[in-house]
Every structure is written in C-alpha cells, then in structure tokens.
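**Q** So I've got this file, target-v3.cif, and it contains mmCIF, C-alpha atoms and all ligand atoms:
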data_start
#
loop_
_atom_site.label_atom_id
_atom_site.label_comp_id
_atom_site.auth_asym_id
_atom_site.auth_seq_id
_atom_site.Cartn_x
_atom_site.Cartn_y
_atom_site.Cartn_z
CA MET A 249 11.29 -4.03 23.43
CA MET A 250 12.07 -4.48 27.17
CA ARG A 251 10.69 -1.76 29.43
CA CYS A 252 11.95 -0.94 32.92
CA PRO A 253 9.36 -1.28 35.71
CA GLY A 254 7.41 1.97 36.01
CA GLU A 255 8.64 3.22 32.63
CA HIS A 256 5.94 5.21 30.86
CA ARG A 257 4.33 3.31 28.01
CA PRO A 258 2.87 5.63 25.38
CA ALA A 259 -0.90 5.15 25.06
CA LEU A 260 -1.94 3.31 21.93
CA PRO A 261 -4.79 4.52 19.76
CA VAL A 262 -7.88 2.35 20.24
CA ALA A 263 -9.79 0.37 17.60
CA TYR A 264 -13.16 -1.39 17.86
CA ILE A 265 -13.59 -4.19 15.28
CA THR A 266 -16.87 -6.08 14.92
CA GLY A 267 -16.79 -9.70 13.74
CA ALA A 268 -13.22 -10.02 15.01
CA SER A 269 -13.49 -13.70 15.95
CA ARG A 270 -12.67 -15.11 12.50
CA GLY A 271 -12.39 -14.33 8.80
CA LEU A 272 -11.55 -10.81 7.67
CA GLY A 273 -12.22 -9.24 11.10
CA LEU A 274 -9.63 -11.45 12.79
CA ALA A 275 -7.08 -10.78 10.01
CA ILE A 276 -7.62 -7.02 10.51
CA ALA A 277 -7.25 -7.41 14.29
CA ARG A 278 -3.98 -9.33 13.89
CA SER A 279 -2.59 -6.69 11.55
CA LEU A 280 -3.41 -3.88 14.01
CA GLU A 281 -2.10 -5.76 17.08
CA GLY A 282 0.67 -3.78 18.76
CA ARG A 283 -0.27 -0.60 16.89
CA TYR A 284 -3.73 -0.22 18.45
CA ALA A 285 -5.41 -1.34 21.64
CA LEU A 286 -8.21 -3.54 20.35
CA GLY A 287 -11.86 -4.08 21.12
CA LEU A 288 -12.70 -7.45 19.56
CA GLY A 289 -16.42 -7.74 18.85
CA TYR A 290 -17.94 -11.20 18.39
CA ARG A 291 -21.25 -13.00 18.76
CA THR A 292 -20.64 -16.73 19.26
CA THR A 293 -16.93 -17.56 18.72
CA ALA A 294 -14.56 -15.96 21.23
CA PRO A 295 -11.60 -14.23 19.51
CA PRO A 296 -8.02 -15.26 20.36
CA ASN A 297 -6.13 -13.43 23.06
CA LEU A 298 -4.27 -10.58 21.31
CA ALA A 299 -2.04 -7.98 23.00
CA ASP A 300 -3.87 -5.02 24.59
CA SER A 301 -7.24 -6.42 23.60
CA LEU A 302 -10.67 -6.61 25.15
CA PRO A 303 -13.19 -9.24 23.97
CA LEU A 304 -16.56 -7.60 23.43
CA PRO A 305 -19.39 -10.16 23.10
CA GLY A 306 -22.77 -9.19 21.70
CA ASP A 307 -25.08 -9.32 18.72
CA VAL A 308 -24.71 -6.22 16.53
CA GLN A 309 -28.45 -6.40 15.84
CA GLU A 310 -28.94 -5.12 19.41
CA LYS A 311 -28.42 -1.39 19.97
CA ALA A 312 -26.87 -2.07 23.38
CA THR A 313 -24.00 -4.11 21.86
CA ALA A 314 -22.13 -1.16 20.34
CA GLU A 315 -23.06 1.17 23.21
CA THR A 316 -21.65 -1.27 25.76
CA ALA A 317 -18.55 -1.91 23.63
CA VAL A 318 -17.74 1.80 23.40
CA ALA A 319 -18.36 2.30 27.14
CA GLU A 320 -16.09 -0.68 27.99
CA LEU A 321 -13.32 0.53 25.66
CA ARG A 322 -13.44 4.03 27.09
CA LYS A 323 -13.34 2.66 30.64
CA ARG A 324 -10.36 0.40 29.87
CA PHE A 325 -8.37 2.49 27.37
CA GLY A 326 -9.85 6.00 27.76
CA ARG A 327 -10.57 6.75 24.09
CA LEU A 328 -11.65 5.47 20.69
CA ASP A 329 -9.89 6.27 17.41
CA LEU A 330 -11.03 3.69 14.88
CA PHE A 331 -14.20 1.68 14.25
CA ILE A 332 -14.10 -1.19 11.75
CA ALA A 333 -17.72 -2.17 10.96
CA ASN A 334 -16.98 -5.63 9.63
CA ALA A 335 -19.52 -8.10 11.08
CA GLY A 336 -21.81 -9.40 8.36
CA ILE A 337 -23.86 -12.38 7.26
CA VAL A 338 -25.26 -13.68 4.00
CA ALA A 339 -28.49 -15.61 3.32
CA ARG A 340 -27.92 -17.77 0.26
CA ARG A 341 -31.37 -18.05 -1.27
CA LEU A 342 -32.97 -17.01 -4.54
CA THR A 343 -35.38 -14.13 -4.09
CA PRO A 344 -38.64 -16.14 -4.29
CA THR A 345 -37.48 -18.43 -1.48
CA THR A 346 -36.00 -15.70 0.72
CA THR A 347 -38.17 -15.50 3.82
CA LEU A 348 -38.97 -12.29 5.63
CA GLU A 349 -36.93 -13.65 8.52
CA ASP A 350 -33.88 -14.10 6.23
CA TRP A 351 -34.39 -10.61 4.86
CA ASN A 352 -34.72 -9.00 8.31
CA THR A 353 -31.75 -10.86 9.82
CA VAL A 354 -29.50 -9.84 6.93
CA TRP A 355 -30.62 -6.21 7.07
CA ASN A 356 -30.55 -6.03 10.88
CA THR A 357 -26.99 -7.37 10.94
CA ASN A 358 -25.48 -5.73 7.85
CA VAL A 359 -27.19 -2.34 7.94
CA THR A 360 -28.97 -1.64 11.25
CA GLY A 361 -26.02 -3.11 13.17
CA ILE A 362 -23.70 -0.61 11.48
CA PHE A 363 -26.18 2.23 12.00
CA TYR A 364 -26.19 1.42 15.76
CA GLY A 365 -22.40 1.22 15.71
CA LEU A 366 -22.06 4.64 14.07
CA GLN A 367 -24.42 6.18 16.61
CA ALA A 368 -22.42 4.66 19.47
CA VAL A 369 -18.95 5.75 18.23
CA GLU A 370 -19.76 9.25 16.98
CA ALA A 371 -19.02 11.30 20.13
CA SER A 372 -15.78 9.41 20.86
CA LEU A 373 -14.56 9.81 17.27
CA PHE A 374 -15.35 13.53 17.33
CA GLU A 375 -13.16 13.79 20.45
CA SER A 376 -10.26 11.88 18.88
CA GLY A 377 -10.71 13.08 15.28
CA GLY A 378 -11.01 9.40 14.48
CA GLN A 379 -12.40 7.35 11.65
CA VAL A 380 -14.54 4.43 10.51
CA VAL A 381 -14.01 1.84 7.80
CA VAL A 382 -17.22 0.01 6.84
CA ILE A 383 -16.84 -3.35 5.10
CA GLY A 384 -19.23 -3.49 2.15
CA SER A 385 -19.35 -5.81 -0.82
CA ARG A 386 -19.08 -5.72 -4.58
CA ALA A 387 -22.48 -7.47 -4.47
CA GLY A 388 -23.94 -4.13 -3.35
CA ILE A 389 -22.85 -2.60 -6.66
CA CYS A 390 -23.08 -5.52 -9.10
CA GLY A 391 -25.82 -7.65 -7.48
CA ALA A 392 -25.47 -11.34 -6.68
CA VAL A 393 -27.53 -14.33 -7.82
CA GLY A 394 -28.92 -16.11 -4.76
CA ALA A 395 -28.04 -13.33 -2.32
CA ALA A 396 -30.40 -10.45 -3.09
CA ALA A 397 -31.05 -9.55 0.57
CA TYR A 398 -27.28 -9.36 1.12
CA ALA A 399 -26.66 -7.34 -2.05
CA ALA A 400 -29.47 -4.91 -1.22
CA ALA A 401 -28.17 -4.46 2.33
CA LYS A 402 -24.61 -3.87 1.11
CA ALA A 403 -25.92 -1.33 -1.43
CA ALA A 404 -27.56 0.57 1.43
CA LEU A 405 -24.12 1.05 2.98
CA VAL A 406 -23.12 3.31 0.07
CA GLY A 407 -25.80 5.83 1.04
CA LEU A 408 -25.15 5.39 4.76
CA VAL A 409 -21.39 5.96 4.49
CA ARG A 410 -21.65 8.92 2.15
CA SER A 411 -24.35 10.59 4.27
CA VAL A 412 -22.42 10.13 7.50
CA ALA A 413 -19.23 11.40 5.85
CA ARG A 414 -21.10 14.61 5.01
CA GLU A 415 -22.59 14.87 8.52
CA TRP A 416 -19.18 14.33 10.12
CA ALA A 417 -17.33 16.78 7.83
CA GLY A 418 -14.39 18.38 9.62
CA ARG A 419 -14.81 16.17 12.70
CA ALA A 420 -14.34 12.48 11.82
CA ARG A 421 -13.89 10.35 8.71
CA ILE A 422 -15.66 7.33 7.25
CA ASN A 423 -14.91 5.21 4.17
CA LEU A 424 -16.33 2.06 2.60
CA LEU A 425 -14.13 -0.88 1.57
CA LEU A 426 -15.38 -3.52 -0.87
CA PRO A 427 -13.36 -6.73 -0.46
CA PRO A 428 -12.96 -9.33 -3.20
CA TYR A 429 -14.02 -12.94 -2.80
CA MET A 430 -12.15 -14.26 0.29
CA ASP A 431 -11.61 -17.82 1.59
CA THR A 432 -13.47 -17.26 4.87
CA ASP A 433 -16.45 -19.17 6.27
CA MET A 434 -18.69 -16.76 4.36
CA GLY A 435 -16.78 -17.05 1.09
CA LEU A 436 -16.57 -20.82 1.28
CA SER A 437 -20.32 -21.10 2.01
CA ASP A 438 -20.92 -20.70 -1.75
CA PRO A 439 -18.99 -23.61 -3.35
CA ARG A 440 -18.92 -21.94 -6.78
CA ALA A 441 -17.98 -18.42 -5.66
CA ARG A 442 -14.23 -19.03 -5.53
CA GLU A 443 -13.99 -20.33 -9.09
CA ARG A 444 -16.33 -17.61 -10.37
CA ALA A 445 -14.17 -14.94 -8.74
CA ARG A 446 -10.97 -16.47 -10.11
CA SER A 447 -12.37 -16.57 -13.64
CA GLU A 448 -13.12 -12.81 -13.55
CA HIS A 449 -9.97 -11.77 -11.66
CA LEU A 450 -7.42 -10.05 -13.89
CA MET A 451 -4.55 -11.72 -12.00
CA HIS A 452 -6.22 -15.13 -12.43
CA CYS A 453 -6.55 -15.73 -8.69
CA PRO A 454 -9.40 -15.55 -6.22
CA GLY A 455 -9.38 -12.47 -3.97
CA SER A 456 -6.91 -12.01 -1.13
CA ILE A 457 -7.65 -11.38 2.56
CA LEU A 458 -4.08 -10.13 2.96
CA ASP A 459 -4.45 -7.54 0.19
CA THR A 460 -7.76 -6.46 1.70
CA VAL A 461 -6.01 -5.85 5.02
CA ARG A 462 -3.24 -3.96 3.18
CA VAL A 463 -5.79 -1.67 1.49
CA LEU A 464 -7.58 -1.14 4.81
CA VAL A 465 -4.32 -0.20 6.56
CA ALA A 466 -3.55 2.25 3.73
CA ILE A 467 -6.99 3.84 4.17
CA ILE A 468 -6.60 4.27 7.92
CA GLU A 469 -3.15 5.80 7.48
CA THR A 470 -4.59 8.63 5.37
CA LYS A 471 -5.41 11.87 7.14
CA THR A 472 -7.99 13.59 4.93
CA VAL A 473 -9.70 10.88 2.86
CA THR A 474 -13.40 10.46 3.64
CA GLY A 475 -16.69 9.55 1.99
CA GLN A 476 -14.89 7.28 -0.50
CA ILE A 477 -15.46 3.76 -1.76
CA PHE A 478 -12.41 1.53 -2.18
CA SER A 479 -12.01 -1.94 -3.62
CA SER A 480 -9.29 -4.51 -2.86
CA ASP A 481 -10.41 -6.68 -5.80
CA GLY A 482 -8.78 -7.61 -9.10
CA ARG A 483 -12.10 -7.80 -10.90
CA ILE A 484 -13.25 -4.66 -12.64
CA THR A 485 -16.37 -3.41 -10.93
CA HIS A 486 -18.49 -0.98 -12.85
CA LEU A 487 -18.84 1.16 -9.79
CA TRP A 488 -21.11 3.96 -10.85
N1 LIG B 501 -15.81 -13.62 2.39
C1 LIG B 501 -16.09 -12.95 1.30
O1 LIG B 501 -15.94 -13.48 0.19
C2 LIG B 501 -16.60 -11.53 1.38
C3 LIG B 501 -16.67 -10.79 0.18
C4 LIG B 501 -17.11 -9.46 0.24
C5 LIG B 501 -17.43 -8.89 1.46
N2 LIG B 501 -17.34 -9.63 2.61
C6 LIG B 501 -17.69 -8.95 3.87
O2 LIG B 501 -16.58 -9.02 4.76
C7 LIG B 501 -17.06 -8.99 6.12
C8 LIG B 501 -16.43 -10.13 6.89
O3 LIG B 501 -16.85 -11.35 6.29
P1 LIG B 501 -16.09 -12.73 6.49
O4 LIG B 501 -15.96 -13.33 5.16
O5 LIG B 501 -14.90 -12.55 7.36
O6 LIG B 501 -17.26 -13.52 7.26
P2 LIG B 501 -17.19 -14.72 8.33
O7 LIG B 501 -15.94 -15.48 8.20
O8 LIG B 501 -18.50 -15.42 8.17
O9 LIG B 501 -17.16 -13.93 9.73
C9 LIG B 501 -18.23 -13.12 10.10
C10 LIG B 501 -17.93 -12.43 11.41
O10 LIG B 501 -19.07 -11.59 11.72
C11 LIG B 501 -19.54 -11.92 13.01
N3 LIG B 501 -20.99 -11.76 13.10
C12 LIG B 501 -21.92 -12.25 12.23
N4 LIG B 501 -23.16 -11.89 12.64
C13 LIG B 501 -22.99 -11.17 13.78
C14 LIG B 501 -23.88 -10.52 14.68
N5 LIG B 501 -25.21 -10.55 14.49
N6 LIG B 501 -23.36 -9.88 15.75
C15 LIG B 501 -22.03 -9.86 15.97
N7 LIG B 501 -21.13 -10.43 15.15
C16 LIG B 501 -21.62 -11.09 14.08
C17 LIG B 501 -19.12 -13.36 13.25
O11 LIG B 501 -19.06 -13.62 14.65
P3 LIG B 501 -19.22 -15.10 15.24
O12 LIG B 501 -17.98 -15.87 14.89
O13 LIG B 501 -19.30 -14.89 16.70
O14 LIG B 501 -20.45 -15.67 14.63
C18 LIG B 501 -17.76 -13.39 12.56
O15 LIG B 501 -16.76 -12.89 13.43
C19 LIG B 501 -18.59 -9.07 6.03
O16 LIG B 501 -19.15 -7.79 6.18
C20 LIG B 501 -18.83 -9.61 4.62
O17 LIG B 501 -20.09 -9.23 4.12
C21 LIG B 501 -16.92 -10.93 2.60
#
Could I get this file's structure written as structure tokens?
Ligand SMILES: NC(=O)c1ccc[n+]([C@@H]2O[C@H](COP(=O)([O-])OP(=O)(O)OC[C@H]3O[C@@H](n4cnc5c(N)ncnc54)[C@H](OP(=O)(O)O)[C@@H]3O)[C@@H](O)[C@H]2O)c1
**A**
Amino acid sequence: MMRCPGEHRPALPVAYITGASRGLGLAIARSLEGRYALGLGYRTTAPPNLADSLPLPGDVQEKATAETAVAELRKRFGRLDLFIANAGIVARRLTPTTTLEDWNTVWNTNVTGIFYGLQAVEASLFESGGQVVVIGSRAGICGAVGAAAYAAAKAALVGLVRSVAREWAGRARINLLLPPYMDTDMGLSDPRARERARSEHLMHCPGSILDTVRVLVAIIETKTVTGQIFSSDGRITHLW
C-alpha cells in the first residue's frame, strides 16, 4: 500500500527469532514478515534482508547474546511481543561415543540458550503481555537412536516451558511446539530420517515445514493458551 510522506505508519508488534538464518527459523521469519518487525538471530550465516528486520548475530550459548538482542530490538522498535526460541543443534552419535563436549554443546545450545533467552525477554514480555514459542522435538518425548544428548535436551524443554508458564501466569504466555521431520540442514543430516518419518506418517509423507509454520501462527494468534505442547506432525506421538 502506498503511503504519503509523513503519513503515520502504525507500529508493528516485534518478534525475536533465534536461528532465523535458515531452516525452520527462516520459514517462520518469512511468514511473519510484514506482520511483525523482526529480530533475526543467527550465529554464522547472515539471514536475508527482510522488511522491518534487524540481524542479530551471536551464539545463544552466551548469556550476552539474548540480552544484547533484546536491548537492540527495544532501541530500534521500542518493544518486544514475541520470542521464538528456535535455534538448535543435534549431535548424531550413539551414547557410548558421545563425548562430554558433544553433550555440553547440545545442552548449552538447546537448553541453556533458551533459558538465557527467557531471562532476557521476560520484562519486555510482561510489559507487552507477549508470548514465547519454544521449538522442541518429538525426540524429547519418544527418544531417538543416535541422538540421546539431543533427545534429553529436548525433553528438558517440557519442564522448562511448563514451569515458566506457571511463573508467568497472568502476565505472559509460553508454549512448546514439536515439529515433525523437516527437510532442513538438520533433518537432512540423518540420511535415513526422512524415509523413517514417511513410513510412520499417517498421510504417507515426511513432515512439512509449511504446516509447522501454520501451527505456529495459529498458536501465536491465540490469546489465552499457555503451558501447552503442540505437534505439527502426522505421526502419532504417545505424548504422556
Ligand atoms: N529438521 C528437523 O527435522 C527437526 C525436527 C524436530 C525439531 N527440529 C527443531 O527445529 C529447530 C530448527 O531446526 P532446523 O531443522 O531449522 O535446523 P537447521 O536448518 O540446522 O538451522 C539451525 C539454526 O539454528 C542456528 N543455530 C545453531 N546453533 C546456534 C547457536 N549456538 N547460536 C545461535 N544460533 C544457532 C543456526 O544458525 P547458523 O546458520 O548461523 O549456524 C540456524 O539458523 C531446532 O530447534 C530443531 O531441534 C528440527
């Protein structure tokens, strides 16, 4: 829509997405473009230039990364409404060959990184009445051969999200989304994962990034839902 010079442009709500350079995080960022001002977190690969966006480099394993991101977003856009804790890594090793370094890197990225993120966004989300969506994994519920550190870390997010939802009651919301298998760098790093996922999927397809984004958008459009665990899969997960 054309705007006249000086015409007031309504302020957009503001989202901070970690791991927004590629994969699911970039798909989420693209789907929110135009509806949110975006903070695009990344570590090594710079994200594309999206409308009303701010690239936010940094390793989520460092406490300062989320603190700086929130400070930069508040300086540029004045508020924060949504935090998508998406950045994650997997170490593909059987348990006996998983090193302590693998274990620590997976936990520091997938759990401690989110813990730091939640600490950094809390005050801003209380001001805006905002929300968080944490990206978990079915592996955290069902386990995964050759990815025990990852599965254990993703399982920890269940307790983290549900505890924070209780702590934030009446002030801000937080939910956990478990994606299906997706054709991203992470998904494709296990050559058999795609076929395994397809064979269990009730629609006889591997999982869909697009459907995961659709479920995420539905979650963020709710007004009262919090402390819940959602799946965008077509495999039946024996959740609890
Ligand atoms: N793909 C699947 O099949 C699948 C299934 C279930 C759940 N998930 C979850 O979905 C989320 C997204 O995964 P994906 O498949 O999109 O993975 P991906 O394609 O490998 O992308 C991972 C993203 O996380 C960022 N990242 C990784 N380590 C980081 C760190 N220490 N600090 C900052 N950013 C970091 C990467 O940034 P750089 O580009 O800068 O490295 C990248 O943007 C993850 O939480 C994953 O566990 C994926």
**Q** Smallest atom-to-atom distance to Pro344 of chain A: which of A:Ala395, A:Ala312, A:Ile389, A:Val318, using only C-alpha atoms?
**A**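 With only C-alpha atoms as the atom set, the closest residue is A:Ala395.
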**Q** Identify which of the residues A:Arg446, A:Arg278, A:Arg440, A:Lys323 lies closest to Gly394 of chain A, counting only C-alpha atoms when measuring atom-to-atom distances.
**A**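 Ranking A:Arg446, A:Arg278, A:Arg440, A:Lys323 by distance to Gly394 of chain A, first place goes to A:Arg440.
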**Q** Using only C-alpha atoms and all ligand atoms, find each residue with an atom at most 7 Å away from ligand LIG 501 (chain B) and format the answer as an MDAnalysis selection string.
**A** chainID A and resid 266:273 289:294 306:309 334:338 357:358 383:386 426:435
**Q** If we count only C-alpha atoms, what is near segment 463-476 of chain A at a cut-off of 10 Å, once residues fewer than 2 positions away on the same chain are taken out, given as a ChimeraX atom specification?
**A** /A:276,279-280,330,332,377-383,406-414,416-418,420-427,457-461,478-481
**Q** Counting only C-alpha atoms, which of A:Leu274, A:Cys453, A:Leu304, A:Ala263 gets nearest to Gly326 of chain A?
**A**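 Closest to Gly326 of chain A, using only C-alpha atoms: A:Ala263.
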**Q** Output segment 396-408 of chain A as an mmCIF file, in the coordinates of the input, making sure N, CA and C atoms are there.
**A**
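Written file, out_9.cif:
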data_model
loop_
_atom_site.group_PDB
_atom_site.id
_atom_site.type_symbol
_atom_site.label_atom_id
_atom_site.label_comp_id
_atom_site.auth_asym_id
_atom_site.auth_seq_id
_atom_site.Cartn_x
_atom_site.Cartn_y
_atom_site.Cartn_z
ATOM 1 N N ALA A 396 -29.852 -11.784 -2.846
ATOM 2 C CA ALA A 396 -30.400 -10.450 -3.090
ATOM 3 C C ALA A 396 -30.544 -9.635 -1.810
ATOM 4 N N ALA A 397 -30.913 -10.293 -0.702
ATOM 5 C CA ALA A 397 -31.050 -9.550 0.570
ATOM 6 C C ALA A 397 -29.699 -8.967 0.960
ATOM 7 N N TYR A 398 -28.656 -9.783 0.800
ATOM 8 C CA TYR A 398 -27.280 -9.360 1.120
ATOM 9 C C TYR A 398 -26.857 -8.206 0.215
ATOM 10 N N ALA A 399 -27.078 -8.373 -1.091
ATOM 11 C CA ALA A 399 -26.660 -7.340 -2.050
ATOM 12 C C ALA A 399 -27.398 -6.025 -1.783
ATOM 13 N N ALA A 400 -28.693 -6.125 -1.493
ATOM 14 C CA ALA A 400 -29.470 -4.910 -1.220
ATOM 15 C C ALA A 400 -28.977 -4.221 0.044
ATOM 16 N N ALA A 401 -28.667 -5.029 1.068
ATOM 17 C CA ALA A 401 -28.170 -4.460 2.330
ATOM 18 C C ALA A 401 -26.809 -3.790 2.118
ATOM 19 N N LYS A 402 -25.939 -4.454 1.358
ATOM 20 C CA LYS A 402 -24.610 -3.870 1.110
ATOM 21 C C LYS A 402 -24.721 -2.601 0.262
ATOM 22 N N ALA A 403 -25.710 -2.550 -0.641
ATOM 23 C CA ALA A 403 -25.920 -1.330 -1.430
ATOM 24 C C ALA A 403 -26.334 -0.173 -0.521
ATOM 25 N N ALA A 404 -27.111 -0.483 0.513
ATOM 26 C CA ALA A 404 -27.560 0.570 1.430
ATOM 27 C C ALA A 404 -26.378 1.235 2.142
ATOM 28 N N LEU A 405 -25.282 0.487 2.279
ATOM 29 C CA LEU A 405 -24.120 1.050 2.980
ATOM 30 C C LEU A 405 -23.479 2.204 2.199
ATOM 31 N N VAL A 406 -23.663 2.208 0.883
ATOM 32 C CA VAL A 406 -23.120 3.310 0.070
ATOM 33 C C VAL A 406 -23.773 4.632 0.529
ATOM 34 N N GLY A 407 -25.091 4.619 0.613
ATOM 35 C CA GLY A 407 -25.800 5.830 1.040
ATOM 36 C C GLY A 407 -25.511 6.182 2.489
ATOM 37 N N LEU A 408 -25.416 5.154 3.333
ATOM 38 C CA LEU A 408 -25.150 5.390 4.760
ATOM 39 C C LEU A 408 -23.769 6.039 4.939
#
